[in-house]
Structures are given as C-alpha cells and as structure tokens.
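Below is one structure; the comments refer to it alone.
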Amino acid sequence: MINTTLRIRPSKSGKILLFLTIFLFFAAQNTGNNLLYLLSSCFMTCIIWTGTMSFRNISDLQTKLILPDSCFVGQTLTIRCRIEGGADKSRYYLGFEDDFLTVLRPGERAFLRAEFTPERRGTYSLKNFRIFSSYPADLFLTCIEIVPTLIKVAPAPVTFKHEPLLSSSAGWAEQQQAGKEGDYWMQVPYQEGNDASQISWGISARSMHEWVVIRSTRRGICRRLYCDFSGSNGEDFEKSLQIVSGLIWQLRCKNVDTFIWGEIPVRGYQWLSVKADLPLLVDWLASIRSGNYLFPTDDGAEPFRPLELIKDSV
Amino acid sequence: MNIVLAQLEHIVTGKTADSLSKTFGDTAISAFFIRLLVLLAFWSYAAVWTTGYLRALLWAIAIPLILLGIYAKPFPSGRLLFKILSIGALLFAIYEVTTPIPGVIILLNFACVILILQLLLVDSIRAANGVMVLSMMIILAVAAMNVNFIFPMVLIPYLISFYMVLKELAWLRHMNIATTRSGVKSPEAFSLRKFFVNGIATFVIFSCFWLVIFYLIPRNESFGMASETSRRRLKGFSDTMDIVDAGMLEDNPAVIMRVVPLDEKSLTPSILRRIKNKLLRGAAFARYDHGKWERGTKRRWLIDLRSSFGEIVLLPEAKLHRDLHRLEVMLENIDPPVVFVPEHTVSVNCSVPFLAVEEDSSIYFTQRSVDRRRYVVNLIADAIEPEDVEVTQILADKELHIYGSKAGIPNKVLALAQNLASGTTTINARIEKAIGFIHKNCSYSLRQLPSAMDPVEDFLFAGRSGACEHFATALVLLLRAMDIPARPVGGYTMGDWNEIGKFFTIRQRHAHAWVEVFFPGSGWIPVDPTPTLEEVINESGIGKFLTTLWETYEGYWFSYVYNFDNRVQAIGFRKISLAFFAGVATLGEILFNKFVMVLLVLIAILVYLRWPMWLRRVHKRDSWIPLWYCDWEKSQQETRFAWETPADYHKRLLNMKKVTHDTAAKLSEVEKIIDEIAFSASADHDNLKLRAIALLTEIKIIS
C-alpha cells in the first residue's frame, strides 16, 4: 500500500456554519440569552461531531494506485485505485476523480478508476490524486492524498510494415508461439483450482509434481535487434521511436519474441525481451534522448535503422 | 484531470480542491429532497408557533406547505408573481416598522412569508440553500426572543431535519462530481437493531457533548439590554417594575425557595391554609412614571445581628404574641439578594452578621452567597384586621409623602378616582370601591399587547386586561388619587404545598405583585387586588403522572438551562475544582499509606517477574481461522500444521483414514462455516459459531 496523507478541511457549508456558530457565540455573550448559548453549543457540537465522523470514515483506509504495465501515446490509460477498509466499520461516500462509491462494507475492497489519454511520450507524474468524501453532512471534505507516482509512456506505435523482420525466415514466428518449452523457462507448481490446461506435461513428466510454464524462451532462435538512430534528430528521432514502438507492438501482437537492445536505469544497456520485458522497453522508449547510443558487441545482433524506413517511405 | 506538458516529464493532476468544493447550485433536486426541505420548514414554523405570535399567518401557510409535501414539485411557472409577492412582503415589513409591533415579530413575519415562497419555487440546490438559510434565520429569531421551554422540543427535530438535509446535499454533491459512478451501490440493508443501537448511541453521545459544551462556554457579566429585559421576565421577581415592557410573562417552574413549617402545631389544616394565603414580601416601589416604578429614597440601615442573637425584629409590639409560627425558608441563590418574608412576620433569625433594611421595609443580604440561604421567620398566622379610619385622619408625614404623591397619575385615572371616592370617607370603603371597579371591568391575562396609551389608562379603560402588576399599579394610583398612601410590592405567593415533604415549594411562576395600604393605626397592610383564578382540574392517574413528568422537565430546563449564568457557572467550576483537589488529596492519602506502598511494591515485583502472564490467557493471533476451531484441532491427536487451512487439514485426515466419509461431510460443513465467518461481513457469527461447535462435538477422530 502507498503511504498516504489524510487531510480534512471545512466545505463551504461547514465554513458558513462555523461562522454562524462564532457569530451566535458573540450574540449570546452580548445578550446573555441562554437559548443562543444553547444553539451556539449545538452547532459547535454538530461541527465537531461531523468532523469526527468524517475523519473516522476515511481514516485507516488503505489505498493503492494500480497502473498499467505499459502505455503508449494515444491509448486510454486507466488508473485504478484499490481501496480497502478495516473489518470494523463501513465507509461511505468515497470518491476518486469521476468515480464514486456509495458504501464500502467491512472487510470489502473496491476499485475506483480514472482515465486519461497521454499525448506525448515521456514520464508522467501523477499528482494530487486523492480519495475524497464529504460524508456525513457536507460540512467537511476529507481527502486521502495519494503520493505522486510516475508512469512511463512510450511513443505512439506506427504500424509500419516491417516485412524483412516479420517474414525473413519461414516459420520463425510460429516457432516462438507461447506455451512451448524453450531453452529457458520459468515454471511454478500447479495449484489446485488452477486451469489444468496450463500444465506442461513435458516438464511435469520429469518430476513428481505438475508444473505450469509461465515463460519460456528459445534463446538460440530469437532475433536480437539493436536500434540504430544515428543521423536522426528532432522530429526524425521521434518518428524513429514511433517506428520502433510500432515494431515492438506488432511483434507482441503476433506473439513473436525478439530481443531489443535497450537501456534500463542503473543496469544500463542489455537485451530486453519483447514478450517478457515490455514495461522495461516502454520505459526505455519513454526516456530515450537522441545521441550517445551504445551498440551491442554480440555476434548475430542485427541492426534496425528506422531512419532508413522513413527515407524509403518518402 | 489536467496534463501539463514539459519536454519529457509531464504532470497529470487530479481534481483540484476547488473543483471538489463546488456547490453545483444549478443541479435539480429530487422529490425526496423537496420533502426534506418541507420538513425543515415545518419545524421552523413550529418554532414560530411556540412564540404565540403569527398564528393566523401560520394557518395560511399550512395549506401550501402540506400540498408541497404531498406533490413535491416546484411551481412550474409564475416566478414573476412570487417575486412581486416577495417585494410586497418586504414593503409590508417596512410599513410595520412604524407600528408598535416588536421588530423581531416583523422579521419573523417577513421570513415566514419568504420561506414559503422560496419553498414553492425550490427546484435547485441553490434554491434549497435559500430555504435552509431562511429556516435557520427563523430559528435564531425565535431563540433570540427567549420565549419558553417548548422551544427545545422543536429545536431537536429541527436539527435532525437540518442534518438530514446536509446529508442529502453531500450525496448530491458527490453525484455531481462522479460522472462515471461505477461504484454506486444500493444502500446497506436496513437493520432495526442496528438503527436503534446506532441511533440511541449517537443521540446520547451528541447530547452529552452538547451539554458539556453548553456548560463550559465561558460567560461574562456584560449583558446587553435584551438580556436585562429577558432576565427580568424570567426571574419573576425583580427590584424594578415596568409594566410598559413587561413582555411575555413566563410560566416558569424554576424553584426559588422552599418554606418548611417547623412546629407541629403549624401543620394543622386550618393553620396551613392561613400560611398558604401569606404573601412573601420582596421590595416595594414609590414613584410612578408612565408605567415604570422606581424605588423610594433607597436609604438603608445596617442591622448587626451579632449583637441581637441573630435576630431582627420587624413587629416589636407582636413579639410576645402567643400564637407565633416558625417557618424555615430555604432560598435559592437569587439576584438581587432579597430576604423574602411572609406578611405579618414578627422576627427573622439568620446566621449572617449583617442584614440591610431599607426605608420601605425590604430586607437585603449584604453579601452575595454562592449557595442556598437559610433563615427562620416567626409569624402570626391570622390576618391582621386593620383599624379603619377616616381618610382625613391620615396626617401629612414626610415619610408618607412619597407614597401619596399624585405625580404621574393620568388625568383620566384621577377623574375616575374622584368619581369612585364620592360618598365614601373611610380607607376601607375607598379600597372596596376601587377594587370593585377593577374586578368589574378588568380581567386577568398574561398576554399583553403594546399600546401607545399610559399602561394604567389602557388597562382600566381600553385593553381591560393585564397581569398582577397592572392590577397592583391601577389600585395604587386610584388610592393615591383618593388621598390614601399606597405602594406596589413585589414578591411571591406561598406556592404549592408538598404533602410528602411537608413544605411549600415556591417557583418562579408564583411571582406576584400586590399593594400595601397605609392605615394610621395599623401601619402598612397588604391588599391583593388581583382576582383569584378558579382552576378545576380533574386529572386521571396517567394525566397526573404526565403532568409531573412535564413539570420535572420544566423545572430542570429552567433551573439548569434557562437560568444558567456566569455566577452559577463559576460555582460549578469551583465545585468541580474542589472535588478534583479533594480527589487528589484522597488519592495521595491512599497512595502514601504504608500498607498500600508495600502492596504496590509487591505488585511491581510480580509484574517484573511476569506473573500476570500466568494469570491470564493471552491470544495473539493474526489468522483468519477462528479460535474455537484452533482449540478443537489442538485437542486432537493429529493436529493441524500451521500452514494448513482447515480444508487441507480435513483432507489430510481423510487421506490418513482418521475420519469416516460421514464425518468428512460434517467437516466439510465446518469448513464452509469457517469461510463464511472469516470472509462474509454480513454473516450471523454467533449462530454460525454455535452450529460449527455443535458439529465438531459430533465428530470423532479415529485414533
């Protein structure tokens, strides 16, 4: 769960009532009228009571922003906020952006969502997102401020026809279909209740337990591409990135695994799988700037020059 | 959602605080909300009803209010007409300012009309806000009138309605902010038990908190003019008398004093009847000026009770009277600090060093007390028959001059007095004539209407109704006009006899005004011109019980809310601080006792040695599996592993053939119950637990 800050402040109605209470208090002091004292104290009680109720309604509420693994420019991005209360009390009137929850019963969890469509690649900082409530009587607005979160957005994928890459070797793509064991795989024990069709009998047959393959790679067959942006700057560079983005998107759609030479923060340049490391590729595409590229020294690494494609298309 | 574009870093911001605070004034409101507003307005009008004013207007408003409550739709057209009516109401209010009608009544009249017009047009949140403000304005105006104890009966439902309206506003605002509304659910299922438990708990906590704040709000002594009038009305007795602005007289049940006959001989019915007829004298007045009475010379003599064995003698000639009755008076802390004495009191015994006696024979405590006063009066139970003499025998006396002055008496009253006095020569005859005229022409009423005339002239010739102050003033002026010295006196009647406690209870409502007439041979003799109201009450047992409850409520209301002021607050604070320090002192004494010290040291050693851990059973668990199930499985030969769920454990038992298939079915049912208890908030935990325990007792594990 993300650390949150709870804020409570009076709404317009609350401010008016507070002003009225103070005014009544002075009127009572001036006149000595006990009914005015009584009303003033009643309003004061009402304010404190409502404030306490508002605070209790939203305090200890666990929230978490759930962001998509990857996002491209032009896609509608859905931000989900998971809210979870304790088992002791119900929570009422919870809002998150345009979404609204009437009641969150004890022990329940709920998801509220917000959407936006990024228009440019880069890093988006999500600020001032909050769960808010004016329960119970519109005198206070309580908010749980969610700490700013970052999300990387890759360039809009351009559907360029990468004939040489997608059809250079017959059956290459078919060989990369998911579910087939490869040189490297990751498996987890089958749990009762899981989909039995996911069991990899080939691997299970060699052990005393059923296993499910969640990722497999035939390293030897996967292509390794490194993007060469040399000579592209400004608009050309952005277009090149869109082409790379489109290539990754198409490879992923066709379920074809390919390694792309990309940079990861801290760890530097390394081979990233289109199928398994898409979020890292998105991060790389979102933050890459022109110039200072480092190319791989591996044998068999193929260059991919998007600038040539742009020139060809022109 | 706003997106700020930078080079590669962009900022996406959520809804701003301002957008969350929007009131969405143009939003249409539901029929339910309109009905809530009608309810709110209804309680405002009910508050106006308690004042006794504007009854005709309220009847007229009732019909459209009921219709609006039924149909719950605003008027589709005719807004211009309503606006014209509003302006008309404003102009009428401006006109009313020139009349003697009190300003607060004009304000209430105007607000009531505007409120119903606003209600008839209410179609949006903005209009609903208007209704709320107007209704609150009415409630505050009624509160400012400081009327009576029925007001809180209306105030509480009004506040509940107000809270409901605010709650509905919160819902509407959320609905306006939320455009997707994916999370809107039906409200929780209604539970009568939950409703009552929560409702009562909320009410009790809120009320306690409310009263605590009420009593803790600091009060000062700088009261304004409004307060002075209201306090005078409230107190019943006052050392000032103003019949022009007597205001609404209260039927105030706050207890002022208790009078206890001390002798057995005083408890006979005949003596009690005579004591009950006594009037408890407070202060007298001398100068009359257009409805206002002022005290006389205000000369004051300080009596040293230390040199007279704590006794002050008022009627020295009756000191050796054979039939004196001793009455103990327990006087609540009142302001001014008057010593109320019953008429024909011979002497007063009091435990203070000094008492002050003024020239009009009123007695005062010289120092204010923080607590109840107690003194004993010795009186003659029988009424003293004054020696009737010719009016001409009243000698011109410097002391009497002020009480025989004709200054301020209206000409019409003078003429009436001359007319009544013609043919009579004695004091008693003239008193009878004057009282006879008053009783014949005037009636008793607590309700007073403002008038431009002299209040006595209005009472005798126009309005012909008034309270005891009017009767007393009218008689005094008539007698003075007939050359008889007289003065009005303020005080209390003897109140209600409590048969169980054997004492008289004198409340605020027993405040009274009467007349003292000077007889040359007998001195000042009390005469009460106010007609006695004959009340025939035939109440059933339930009726009496309800009346008692009501009076108890009234008493508490007036004693602890209405009359509460800075002095009582200071006394309360002092008592709390004394109790606190006394508690601290007692605690200190207990703690520094040798035996307790030894005991504490022993307990500290036991705590250090973790003995308490052996004495109690501590369950620290973060598992969802219920404790009673853990207890059961631990009692079995084959226990559950920590990582096993009940289902796993049962499966293992079955695999190990420790249970039969019949038992497995029961275990399966237990699993379901555990799941339901752990993961369903709405489950009836108690019943499920009982059912599961019953099943577990039936299960036998094969060893």
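Just remember, in the structure tokens the first chain shown is A, the second B, etc., residues are 1-based per chain, and ligands are 1-based in the order shown.
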
May I have all residues of segment 310-500 of chain B that DSSP, computed from the backbone, assigns to strand (DSSP E or B), given as a ChimeraX atom specification?
/B:311-313,324-331,338-339,341-342,345-350,354-358,363-365,373-380,390,426,443-444,465-466,486-493,496-498

Take the residues that were just selected and, keeping C-alpha atoms, output them as a compact mmCIF listing (two decimals), in the first residue's frame.
# COMPACT_ATOMS: atom_id res chain seq x y z
CA GLU B 311 -32.48 38.04 65.27
CA ILE B 312 -34.08 41.02 63.61
CA VAL B 313 -37.45 42.12 64.96
CA LEU B 324 -46.33 32.53 66.59
CA HIS B 325 -45.40 30.01 63.90
CA ARG B 326 -41.83 29.31 62.89
CA LEU B 327 -41.14 28.78 59.21
CA GLU B 328 -37.79 27.83 57.79
CA VAL B 329 -37.08 29.47 54.43
CA MET B 330 -34.54 27.85 52.11
CA LEU B 331 -33.90 30.48 49.49
CA VAL B 338 -33.64 39.95 48.93
CA VAL B 339 -34.78 38.35 52.17
CA VAL B 341 -40.51 37.50 54.48
CA PRO B 342 -44.15 36.43 54.75
CA THR B 345 -43.64 38.36 60.18
CA VAL B 346 -42.68 39.32 63.70
CA SER B 347 -38.97 38.44 63.56
CA VAL B 348 -36.33 36.85 61.38
CA ASN B 349 -33.45 34.65 62.56
CA CYS B 350 -30.49 34.44 60.28
CA PHE B 354 -25.39 41.83 58.98
CA LEU B 355 -28.68 42.46 57.22
CA ALA B 356 -29.73 45.66 55.48
CA VAL B 357 -33.21 47.12 55.95
CA GLU B 358 -34.42 49.78 53.54
CA ILE B 363 -34.61 43.40 53.76
CA TYR B 364 -31.43 42.52 51.86
CA PHE B 365 -28.44 40.31 52.44
CA ARG B 373 -29.65 30.82 52.01
CA ARG B 374 -31.44 29.58 55.07
CA TYR B 375 -33.32 31.60 57.68
CA VAL B 376 -36.26 31.24 60.04
CA VAL B 377 -39.21 33.59 60.27
CA ASN B 378 -41.66 33.87 63.16
CA LEU B 379 -45.08 34.99 62.03
CA ILE B 380 -48.64 35.43 63.08
CA GLU B 390 -61.43 58.32 58.01
CA THR B 426 -63.04 55.69 55.26
CA SER B 443 -59.71 40.60 33.64
CA TYR B 444 -56.52 38.73 34.36
CA SER B 465 -56.82 43.01 30.83
CA GLY B 466 -53.45 42.62 32.45
CA ALA B 486 -50.26 53.13 48.91
CA ARG B 487 -47.37 51.34 47.24
CA PRO B 488 -46.97 48.30 44.99
CA VAL B 489 -45.00 45.39 46.37
CA GLY B 490 -43.22 42.58 44.52
CA GLY B 491 -42.69 39.09 45.86
CA TYR B 492 -44.12 35.60 45.72
CA THR B 493 -47.24 33.76 46.76
CA ASP B 496 -47.64 24.60 46.30
CA TRP B 497 -47.85 22.50 49.45
CA ASN B 498 -45.93 19.26 49.24

Compile the contact shell of Ser240 of chain A as a list in words: residues with an atom at most 10 Å away, counting only C-alpha atoms, same-chain residues fewer than 4 positions apart removed.
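Returned residues: Pro155, Val158, Cys227, Asp228, Phe229, Ser232, Asn233, Gly234, Glu235, Asp236, Val244, Ser245, Gly246, Arg305, Pro306, Leu307, Glu308, Leu309 and Ile310 of chain A.
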
Excluding Ala111 of chain B and residues on its chain fewer than 5 positions from it, collect all residues at most 12 Å away from it, counting only C-alpha atoms, and give them as a short mmCIF file (atom, residue, chain, number, x, y, z; two decimals) with C-alpha atoms, in the first residue's frame.
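To be explicit, this is the file written out as selection-v4.cif:
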data_model
loop_
_atom_site.label_atom_id
_atom_site.label_comp_id
_atom_site.auth_asym_id
_atom_site.auth_seq_id
_atom_site.Cartn_x
_atom_site.Cartn_y
_atom_site.Cartn_z
CA ALA B 41 -39.61 24.47 7.06
CA SER B 44 -39.21 26.38 11.65
CA TYR B 45 -42.89 27.26 11.54
CA VAL B 48 -42.71 30.34 15.44
CA LEU B 54 -48.41 35.00 13.86
CA LEU B 57 -50.23 33.52 9.10
CA LEU B 58 -49.09 30.04 10.09
CA SER B 86 -41.78 38.93 -2.04
CA ALA B 89 -43.90 41.28 1.90
CA LEU B 90 -40.82 43.49 2.16
CA ALA B 93 -42.47 44.72 6.76
CA VAL B 104 -38.39 40.53 15.90
CA ILE B 105 -42.03 39.77 15.12
CA ILE B 106 -41.81 41.84 11.93
CA ILE B 116 -42.97 29.56 1.85
CA LEU B 117 -42.49 31.47 -1.44
CA GLN B 118 -38.97 30.10 -1.73
CA LEU B 119 -40.20 26.60 -0.97
CA GLY B 130 -32.01 29.65 0.40
CA VAL B 131 -34.63 27.57 2.21
CA MET B 132 -32.04 26.36 4.70
CA VAL B 133 -30.78 29.87 5.43
CA LEU B 134 -34.31 31.23 5.88
CA SER B 135 -35.33 28.40 8.16
CA MET B 136 -32.24 28.94 10.27
CA MET B 137 -32.94 32.66 10.39
CA ILE B 138 -36.39 31.91 11.79
CA ILE B 139 -34.98 29.53 14.40
CA LEU B 140 -32.40 32.09 15.50
CA ALA B 141 -35.01 34.84 15.71
CA VAL B 142 -37.20 32.61 17.88
#

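Atom to atom, atom CA of Thr21 of chain A and atom CA of Arg219 of chain B stand 15.3 Å apart.
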
Excluding segment 295-302 of chain A and its own-chain neighbours fewer than 5 positions away, which residues fall within 9 Å of it when counting only C-alpha atoms? Please give them as a PyMOL selection string.
chain A and resi 223-228+261+269-271

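Taking atom CA of Glu84 of chain A and atom CA of Leu112 of chain A as the two end points, the separation is 11.1 Å.
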
Which neighbours of Leu280 of chain A fall inside 9 Å, counting only C-alpha atoms, when residues of the same chain fewer than 4 positions from it are skipped, and could you give them as a list in words?
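My reading of the contact set: Ser70, Gly262, Glu263, Ile264, Leu272, Trp284 and Leu285 of chain A.
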
Env of Arg55 of chain B: 12 Å cut, atoms = only C-alpha atoms, seq-sep filter 3 positions within chain, self excluded. Answer as an MDAnalysis selection string.
chainID B and resid 45:52 58:62 105 108:109 112
